[in-house]
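Text of query.cif (mmCIF, N, CA and C atoms) as supplied:
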data_work
#
loop_
_atom_site.label_atom_id
_atom_site.label_comp_id
_atom_site.auth_asym_id
_atom_site.auth_seq_id
_atom_site.Cartn_x
_atom_site.Cartn_y
_atom_site.Cartn_z
N TYR U 21 0.85 -1.16 0.00
CA TYR U 21 0.00 0.00 0.00
C TYR U 21 0.90 1.23 0.00
N THR U 22 1.04 1.81 -1.16
CA THR U 22 1.98 2.91 -1.34
C THR U 22 1.25 4.24 -1.42
N TYR U 23 1.82 5.25 -0.76
CA TYR U 23 1.28 6.61 -0.77
C TYR U 23 2.44 7.58 -0.94
N ARG U 24 2.19 8.64 -1.70
CA ARG U 24 3.15 9.74 -1.77
C ARG U 24 2.58 10.88 -0.93
N VAL U 25 3.35 11.34 0.05
CA VAL U 25 2.90 12.40 0.95
C VAL U 25 3.77 13.62 0.72
N LYS U 26 3.12 14.78 0.56
CA LYS U 26 3.81 16.07 0.49
C LYS U 26 3.26 16.97 1.58
N VAL U 27 4.15 17.51 2.40
CA VAL U 27 3.75 18.40 3.49
C VAL U 27 4.40 19.75 3.26
N THR U 28 3.58 20.81 3.18
CA THR U 28 4.10 22.17 3.12
C THR U 28 4.11 22.71 4.54
N LEU U 29 5.29 23.09 5.01
CA LEU U 29 5.46 23.49 6.40
C LEU U 29 5.09 24.95 6.62
N ASP U 30 4.46 25.22 7.77
CA ASP U 30 4.11 26.57 8.19
C ASP U 30 4.77 26.81 9.54
N GLY U 31 5.20 28.03 9.77
CA GLY U 31 5.81 28.33 11.07
C GLY U 31 6.65 29.59 11.02
N PRO U 32 7.57 29.74 11.99
CA PRO U 32 8.39 30.95 12.06
C PRO U 32 9.29 31.09 10.84
N SER U 33 9.78 32.30 10.61
CA SER U 33 10.55 32.57 9.39
C SER U 33 11.96 32.01 9.41
N TRP U 34 12.47 31.63 10.58
CA TRP U 34 13.83 31.12 10.64
C TRP U 34 13.83 29.58 10.56
N PRO U 35 14.88 29.00 10.00
CA PRO U 35 14.98 27.54 9.96
C PRO U 35 15.32 26.98 11.34
N ASN U 36 14.95 25.72 11.56
CA ASN U 36 15.15 25.08 12.84
C ASN U 36 15.41 23.59 12.60
N PRO U 37 16.41 22.99 13.26
CA PRO U 37 16.61 21.55 13.09
C PRO U 37 15.48 20.77 13.76
N GLY U 38 14.96 19.77 13.07
CA GLY U 38 13.87 18.98 13.64
C GLY U 38 13.49 17.81 12.77
N ARG U 39 12.39 17.17 13.15
CA ARG U 39 11.86 16.01 12.43
C ARG U 39 10.37 16.22 12.16
N ILE U 40 9.90 15.69 11.01
CA ILE U 40 8.49 15.74 10.64
C ILE U 40 7.98 14.31 10.52
N TYR U 41 6.82 14.04 11.10
CA TYR U 41 6.20 12.71 11.04
C TYR U 41 4.77 12.83 10.55
N VAL U 42 4.28 11.79 9.86
CA VAL U 42 2.87 11.70 9.50
C VAL U 42 2.35 10.30 9.79
N THR U 43 1.05 10.23 10.07
CA THR U 43 0.31 8.99 10.24
C THR U 43 -0.93 9.10 9.37
N LEU U 44 -1.25 8.06 8.63
CA LEU U 44 -2.45 8.05 7.79
C LEU U 44 -3.54 7.25 8.49
N ALA U 45 -4.73 7.82 8.55
CA ALA U 45 -5.88 7.14 9.15
C ALA U 45 -6.97 7.05 8.09
N GLY U 46 -7.62 5.91 8.04
CA GLY U 46 -8.68 5.71 7.07
C GLY U 46 -9.91 5.10 7.69
N ASN U 47 -10.83 4.68 6.82
CA ASN U 47 -12.07 4.11 7.32
C ASN U 47 -11.92 2.66 7.77
N THR U 48 -10.74 2.04 7.54
CA THR U 48 -10.54 0.66 7.98
C THR U 48 -9.36 0.49 8.93
N GLU U 49 -8.27 1.23 8.74
CA GLU U 49 -7.06 1.04 9.54
C GLU U 49 -6.34 2.39 9.72
N THR U 50 -5.30 2.36 10.55
CA THR U 50 -4.40 3.49 10.74
C THR U 50 -2.97 2.97 10.62
N THR U 51 -2.12 3.72 9.91
CA THR U 51 -0.73 3.29 9.75
C THR U 51 0.08 3.65 10.99
N MET U 52 1.28 3.12 11.03
CA MET U 52 2.22 3.57 12.05
C MET U 52 2.69 4.96 11.65
N GLU U 53 3.45 5.60 12.49
CA GLU U 53 3.96 6.93 12.21
C GLU U 53 5.21 6.81 11.33
N TYR U 54 5.29 7.63 10.29
CA TYR U 54 6.43 7.64 9.36
C TYR U 54 7.17 8.96 9.45
N ARG U 55 8.50 8.87 9.47
CA ARG U 55 9.32 10.09 9.49
C ARG U 55 9.48 10.57 8.05
N VAL U 56 8.96 11.75 7.76
CA VAL U 56 9.03 12.34 6.43
C VAL U 56 10.35 13.07 6.23
N HIS U 57 10.85 13.70 7.28
CA HIS U 57 12.08 14.50 7.15
C HIS U 57 12.80 14.58 8.48
N MET U 58 14.14 14.57 8.42
CA MET U 58 14.96 14.86 9.58
C MET U 58 16.06 15.80 9.11
N GLY U 59 16.14 16.96 9.71
CA GLY U 59 17.13 17.96 9.30
C GLY U 59 16.59 19.35 9.56
N ILE U 60 16.95 20.28 8.71
CA ILE U 60 16.52 21.67 8.88
C ILE U 60 15.07 21.82 8.40
N LEU U 61 14.22 22.38 9.26
CA LEU U 61 12.82 22.66 8.91
C LEU U 61 12.73 24.13 8.48
N SER U 62 12.22 24.34 7.28
CA SER U 62 12.09 25.70 6.73
C SER U 62 10.65 25.94 6.32
N PRO U 63 9.97 26.91 6.93
CA PRO U 63 8.59 27.21 6.58
C PRO U 63 8.45 27.54 5.09
N GLY U 64 7.37 27.06 4.49
CA GLY U 64 7.12 27.27 3.07
C GLY U 64 7.70 26.17 2.20
N ARG U 65 8.63 25.43 2.73
CA ARG U 65 9.24 24.33 1.98
C ARG U 65 8.32 23.12 1.95
N VAL U 66 8.38 22.36 0.86
CA VAL U 66 7.59 21.14 0.71
C VAL U 66 8.49 19.95 1.01
N TYR U 67 8.05 19.09 1.92
CA TYR U 67 8.76 17.87 2.26
C TYR U 67 7.95 16.70 1.71
N GLU U 68 8.63 15.80 1.01
CA GLU U 68 7.94 14.73 0.29
C GLU U 68 8.55 13.39 0.64
N MET U 69 7.69 12.36 0.67
CA MET U 69 8.15 11.00 0.96
C MET U 69 7.19 9.99 0.35
N ILE U 70 7.73 8.87 -0.10
CA ILE U 70 6.93 7.73 -0.53
C ILE U 70 6.82 6.80 0.68
N ILE U 71 5.59 6.46 1.04
CA ILE U 71 5.34 5.58 2.19
C ILE U 71 4.85 4.24 1.68
N ASP U 72 5.47 3.17 2.13
CA ASP U 72 4.97 1.82 1.90
C ASP U 72 4.32 1.38 3.20
N ALA U 73 3.00 1.58 3.28
CA ALA U 73 2.26 1.32 4.51
C ALA U 73 2.11 -0.18 4.75
N GLU U 74 2.08 -0.55 6.01
CA GLU U 74 1.96 -1.94 6.40
C GLU U 74 0.52 -2.44 6.35
N VAL U 75 -0.45 -1.51 6.27
CA VAL U 75 -1.87 -1.87 6.23
C VAL U 75 -2.57 -1.06 5.15
N ASP U 76 -3.71 -1.58 4.70
CA ASP U 76 -4.55 -0.83 3.76
C ASP U 76 -5.53 0.00 4.59
N VAL U 77 -5.37 1.32 4.56
CA VAL U 77 -6.21 2.18 5.39
C VAL U 77 -7.59 2.42 4.76
N GLY U 78 -7.78 1.95 3.54
CA GLY U 78 -9.04 2.21 2.86
C GLY U 78 -9.07 3.64 2.36
N GLU U 79 -10.20 4.28 2.48
CA GLU U 79 -10.32 5.69 2.10
C GLU U 79 -9.69 6.54 3.20
N VAL U 80 -8.66 7.32 2.87
CA VAL U 80 -7.96 8.13 3.88
C VAL U 80 -8.90 9.25 4.35
N THR U 81 -9.07 9.32 5.65
CA THR U 81 -9.95 10.34 6.23
C THR U 81 -9.18 11.37 7.03
N GLU U 82 -7.94 11.06 7.41
CA GLU U 82 -7.18 11.97 8.24
C GLU U 82 -5.68 11.74 8.05
N VAL U 83 -4.92 12.82 8.05
CA VAL U 83 -3.47 12.75 8.06
C VAL U 83 -3.02 13.44 9.33
N LYS U 84 -2.36 12.70 10.21
CA LYS U 84 -1.88 13.28 11.47
C LYS U 84 -0.44 13.75 11.26
N PHE U 85 -0.19 14.98 11.63
CA PHE U 85 1.12 15.62 11.47
C PHE U 85 1.72 15.85 12.84
N ARG U 86 3.02 15.54 12.97
CA ARG U 86 3.72 15.81 14.22
C ARG U 86 5.15 16.21 13.89
N TRP U 87 5.70 17.09 14.68
CA TRP U 87 7.11 17.45 14.53
C TRP U 87 7.73 17.55 15.91
N ASN U 88 9.05 17.45 15.96
CA ASN U 88 9.75 17.76 17.21
C ASN U 88 11.13 18.29 16.90
N ASN U 89 11.70 18.98 17.88
CA ASN U 89 13.04 19.54 17.75
C ASN U 89 14.07 18.42 17.64
N HIS U 90 15.07 18.65 16.84
CA HIS U 90 16.19 17.72 16.73
C HIS U 90 17.16 17.96 17.88
N ILE U 91 17.17 19.19 18.37
CA ILE U 91 17.99 19.58 19.52
C ILE U 91 17.13 20.44 20.43
N PHE U 92 17.58 20.66 21.66
CA PHE U 92 16.85 21.54 22.57
C PHE U 92 16.88 22.96 22.01
N ASN U 93 15.74 23.62 21.98
CA ASN U 93 15.65 24.98 21.45
C ASN U 93 14.87 25.83 22.46
N PRO U 94 15.54 26.73 23.18
CA PRO U 94 14.86 27.55 24.19
C PRO U 94 13.86 28.54 23.60
N ILE U 95 13.94 28.82 22.30
CA ILE U 95 13.01 29.74 21.66
C ILE U 95 11.63 29.10 21.51
N LYS U 96 11.57 27.78 21.52
CA LYS U 96 10.32 27.01 21.41
C LYS U 96 9.52 27.40 20.17
N PRO U 97 10.10 27.18 18.98
CA PRO U 97 9.36 27.52 17.75
C PRO U 97 8.12 26.65 17.59
N LYS U 98 7.17 27.15 16.81
CA LYS U 98 5.92 26.43 16.54
C LYS U 98 5.83 26.17 15.04
N TYR U 99 5.52 24.95 14.67
CA TYR U 99 5.35 24.58 13.27
C TYR U 99 4.04 23.85 13.08
N GLY U 100 3.53 23.90 11.88
CA GLY U 100 2.32 23.18 11.52
C GLY U 100 2.35 22.85 10.04
N ALA U 101 1.35 22.15 9.59
CA ALA U 101 1.24 21.81 8.18
C ALA U 101 0.32 22.82 7.51
N ALA U 102 0.86 23.60 6.56
CA ALA U 102 0.04 24.55 5.81
C ALA U 102 -0.81 23.82 4.77
N LYS U 103 -0.24 22.75 4.20
CA LYS U 103 -0.95 21.96 3.18
C LYS U 103 -0.39 20.55 3.20
N VAL U 104 -1.27 19.57 3.00
CA VAL U 104 -0.86 18.18 2.89
C VAL U 104 -1.46 17.61 1.61
N GLU U 105 -0.62 17.02 0.76
CA GLU U 105 -1.08 16.32 -0.44
C GLU U 105 -0.79 14.85 -0.26
N LEU U 106 -1.73 14.02 -0.64
CA LEU U 106 -1.59 12.58 -0.51
C LEU U 106 -2.01 11.94 -1.82
N GLN U 107 -1.14 11.12 -2.39
CA GLN U 107 -1.46 10.41 -3.62
C GLN U 107 -1.35 8.92 -3.35
N ARG U 108 -2.45 8.22 -3.62
CA ARG U 108 -2.51 6.78 -3.40
C ARG U 108 -1.89 6.07 -4.59
N GLY U 109 -1.05 5.09 -4.34
CA GLY U 109 -0.32 4.41 -5.40
C GLY U 109 -1.17 3.50 -6.28
N LYS U 110 -2.16 2.81 -5.72
CA LYS U 110 -2.89 1.81 -6.50
C LYS U 110 -3.76 2.42 -7.59
N ASP U 111 -4.28 3.62 -7.40
CA ASP U 111 -5.11 4.25 -8.43
C ASP U 111 -4.71 5.69 -8.72
N MET U 112 -3.59 6.15 -8.12
CA MET U 112 -3.05 7.51 -8.32
C MET U 112 -4.03 8.61 -7.90
N GLN U 113 -5.00 8.28 -7.04
CA GLN U 113 -5.95 9.28 -6.54
C GLN U 113 -5.21 10.31 -5.71
N LEU U 114 -5.42 11.59 -6.03
CA LEU U 114 -4.78 12.69 -5.33
C LEU U 114 -5.77 13.35 -4.39
N THR U 115 -5.38 13.50 -3.14
CA THR U 115 -6.21 14.15 -2.13
C THR U 115 -5.39 15.28 -1.53
N GLU U 116 -6.02 16.41 -1.31
CA GLU U 116 -5.31 17.57 -0.78
C GLU U 116 -6.08 18.17 0.38
N ALA U 117 -5.38 18.49 1.45
CA ALA U 117 -5.98 19.18 2.58
C ALA U 117 -5.22 20.49 2.75
N VAL U 118 -5.95 21.58 2.79
CA VAL U 118 -5.35 22.88 3.01
C VAL U 118 -5.75 23.36 4.40
N VAL U 119 -4.76 23.69 5.20
CA VAL U 119 -5.00 24.17 6.55
C VAL U 119 -5.07 25.69 6.48
N ILE U 120 -6.21 26.25 6.85
CA ILE U 120 -6.44 27.68 6.67
C ILE U 120 -6.10 28.48 7.94
N SER U 121 -6.43 27.97 9.09
CA SER U 121 -6.29 28.72 10.33
C SER U 121 -4.86 28.70 10.87
N SER U 122 -4.39 29.85 11.32
CA SER U 122 -3.06 29.90 11.95
C SER U 122 -3.08 29.21 13.30
N ALA U 123 -4.27 28.91 13.82
CA ALA U 123 -4.37 28.16 15.08
C ALA U 123 -3.85 26.74 14.91
N ASN U 124 -3.67 26.29 13.67
CA ASN U 124 -3.17 24.95 13.43
C ASN U 124 -1.66 24.84 13.58
N ILE U 125 -0.98 25.95 13.84
CA ILE U 125 0.46 25.87 14.12
C ILE U 125 0.60 25.25 15.50
N ILE U 126 1.47 24.24 15.60
CA ILE U 126 1.50 23.46 16.82
C ILE U 126 2.74 23.74 17.65
N ILE U 127 2.67 23.38 18.90
CA ILE U 127 3.77 23.56 19.83
C ILE U 127 4.62 22.29 19.83
N ASN U 128 5.89 22.44 20.05
CA ASN U 128 6.84 21.34 20.07
C ASN U 128 6.31 20.12 20.84
N ARG U 129 6.46 18.97 20.22
CA ARG U 129 6.12 17.66 20.79
C ARG U 129 4.63 17.44 21.03
N SER U 130 3.77 18.13 20.33
CA SER U 130 2.34 17.84 20.42
C SER U 130 1.87 17.39 19.04
N ASN U 131 0.61 17.03 18.93
CA ASN U 131 0.07 16.49 17.69
C ASN U 131 -0.94 17.44 17.07
N GLU U 132 -1.05 17.37 15.77
CA GLU U 132 -2.04 18.12 15.01
C GLU U 132 -2.66 17.17 14.01
N ALA U 133 -3.95 17.16 13.90
CA ALA U 133 -4.63 16.33 12.91
C ALA U 133 -5.17 17.24 11.81
N VAL U 134 -4.93 16.86 10.58
CA VAL U 134 -5.41 17.61 9.43
C VAL U 134 -6.45 16.76 8.75
N THR U 135 -7.70 17.19 8.73
CA THR U 135 -8.74 16.41 8.08
C THR U 135 -8.61 16.54 6.57
N VAL U 136 -8.67 15.43 5.87
CA VAL U 136 -8.51 15.42 4.43
C VAL U 136 -9.76 15.95 3.77
N CYS U 137 -9.58 16.91 2.85
CA CYS U 137 -10.70 17.50 2.11
C CYS U 137 -10.91 16.73 0.82
N LYS U 138 -12.12 16.58 0.38
CA LYS U 138 -12.45 15.90 -0.88
C LYS U 138 -12.79 16.91 -1.94
#

Translate the structure described by the file into structure tokens.
Amino acid sequence: YTYRVKVTLDGPSWPNPGRIYVTLAGNTETTMEYRVHMGILSPGRVYEMIIDAEVDVGEVTEVKFRWNNHIFNPIKPKYGAAKVELQRGKDMQLTEAVVISSANIIINRSNEAVTVCK
């Protein structure tokens, strides 16, 4: 079960070392968490990964986004997903979720769920 995930990062204007993770949830199953990127996080940049999921989630209903600092950062930057694109490998169906509210910017080591738009 292959998916291509693209995450457009939202957050402060300065780069920060960290990691980005996503989990796919559907009407039948939920995948484990996948690390999309480890390194410098830059707002506005698109991070992309091909995921070979261990389960068939069925119709994707939610993409859970999480990030954390790669090192301790006393400034405590906040990041979120501005946009998430998901393309399913078996039929190339493209799904896009656009996060509109700035309230979706998250605090270090917490979770944000982005509901997939049809």

Quiz prompt | Given only N, CA and C atoms as the counted atoms, nearest of U:Glu105, U:Pro97, U:Thr50, U:Val56 to U:Glu74 | solution = U:Thr50

Can you turn the PyMOL selection byres ((chain U and resi 78) around 6.5) into a concrete residue list for this file, as a PDB file with N, CA and C atoms, in the coordinates of the input?
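This went into result_37.pdb:
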ATOM      1  N   GLY U  46      -7.620   5.910   8.040  1.00  0.00           N
ATOM      2  CA  GLY U  46      -8.680   5.710   7.070  1.00  0.00           C
ATOM      3  C   GLY U  46      -9.910   5.100   7.690  1.00  0.00           C
ATOM      4  N   ASN U  47     -10.830   4.680   6.820  1.00  0.00           N
ATOM      5  CA  ASN U  47     -12.070   4.110   7.320  1.00  0.00           C
ATOM      6  C   ASN U  47     -11.920   2.660   7.770  1.00  0.00           C
ATOM      7  N   THR U  48     -10.740   2.040   7.540  1.00  0.00           N
ATOM      8  CA  THR U  48     -10.540   0.660   7.980  1.00  0.00           C
ATOM      9  C   THR U  48      -9.360   0.490   8.930  1.00  0.00           C
ATOM     10  N   GLU U  49      -8.270   1.230   8.740  1.00  0.00           N
ATOM     11  CA  GLU U  49      -7.060   1.040   9.540  1.00  0.00           C
ATOM     12  C   GLU U  49      -6.340   2.390   9.720  1.00  0.00           C
ATOM     13  N   VAL U  75      -0.450  -1.510   6.270  1.00  0.00           N
ATOM     14  CA  VAL U  75      -1.870  -1.870   6.230  1.00  0.00           C
ATOM     15  C   VAL U  75      -2.570  -1.060   5.150  1.00  0.00           C
ATOM     16  N   ASP U  76      -3.710  -1.580   4.700  1.00  0.00           N
ATOM     17  CA  ASP U  76      -4.550  -0.830   3.760  1.00  0.00           C
ATOM     18  C   ASP U  76      -5.530   0.000   4.590  1.00  0.00           C
ATOM     19  N   VAL U  77      -5.370   1.320   4.560  1.00  0.00           N
ATOM     20  CA  VAL U  77      -6.210   2.180   5.390  1.00  0.00           C
ATOM     21  C   VAL U  77      -7.590   2.420   4.760  1.00  0.00           C
ATOM     22  N   GLU U  79     -10.200   4.280   2.480  1.00  0.00           N
ATOM     23  CA  GLU U  79     -10.320   5.690   2.100  1.00  0.00           C
ATOM     24  C   GLU U  79      -9.690   6.540   3.200  1.00  0.00           C
ATOM     25  N   VAL U  80      -8.660   7.320   2.870  1.00  0.00           N
ATOM     26  CA  VAL U  80      -7.960   8.130   3.880  1.00  0.00           C
ATOM     27  C   VAL U  80      -8.900   9.250   4.350  1.00  0.00           C
TER      28      VAL U  80
END

Quiz item: So how many Å separate atom CA of U:Gln107 and atom N of U:Thr22, to one decimal?
Solution: 9.3 Å

Practice problem: Fewer than 6 positions away in the same chain doesn't count, so skip those; otherwise give me all residues within 10 Å of U:Met112, counting only C-alpha atoms, as a ChimeraX atom specification. | Solution: /U:22-24,106

Self-check item: Test item: residues at most 8 Å from U:Gly59, only C-alpha atoms, excluding those fewer than 4 positions along its chain, as a PyMOL selection string
Solution: chain U and resi 37-39+90

Quiz item: as number ranges by chain, which residues of stretch 27-107 of chain U does DSSP assign to strand (DSSP E or B)?
Solution: U: 27-30, 36-46, 50, 54-61, 66-72, 80-89, 98-107

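Atom to atom, atom CA of U:Lys98 and atom N of U:Gly31 stand 7.0 Å apart.
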
Practice problem: Grab the atom N of U:Gly100 to atom CA of U:Ala45 distance for me, in Å with one decimal place. | Solution: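 Interatomic distance here is 19.4 Å.
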
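Using only C-alpha atoms, the residues found no farther than 9 Å from U:Thr28, other than those of its own chain fewer than 3 positions away, are Pro63, Gly64, Arg65, Val66, Tyr67, Glu68, Gly100, Ala101, Ala102, Lys103, Val104 and Glu105 of chain U.
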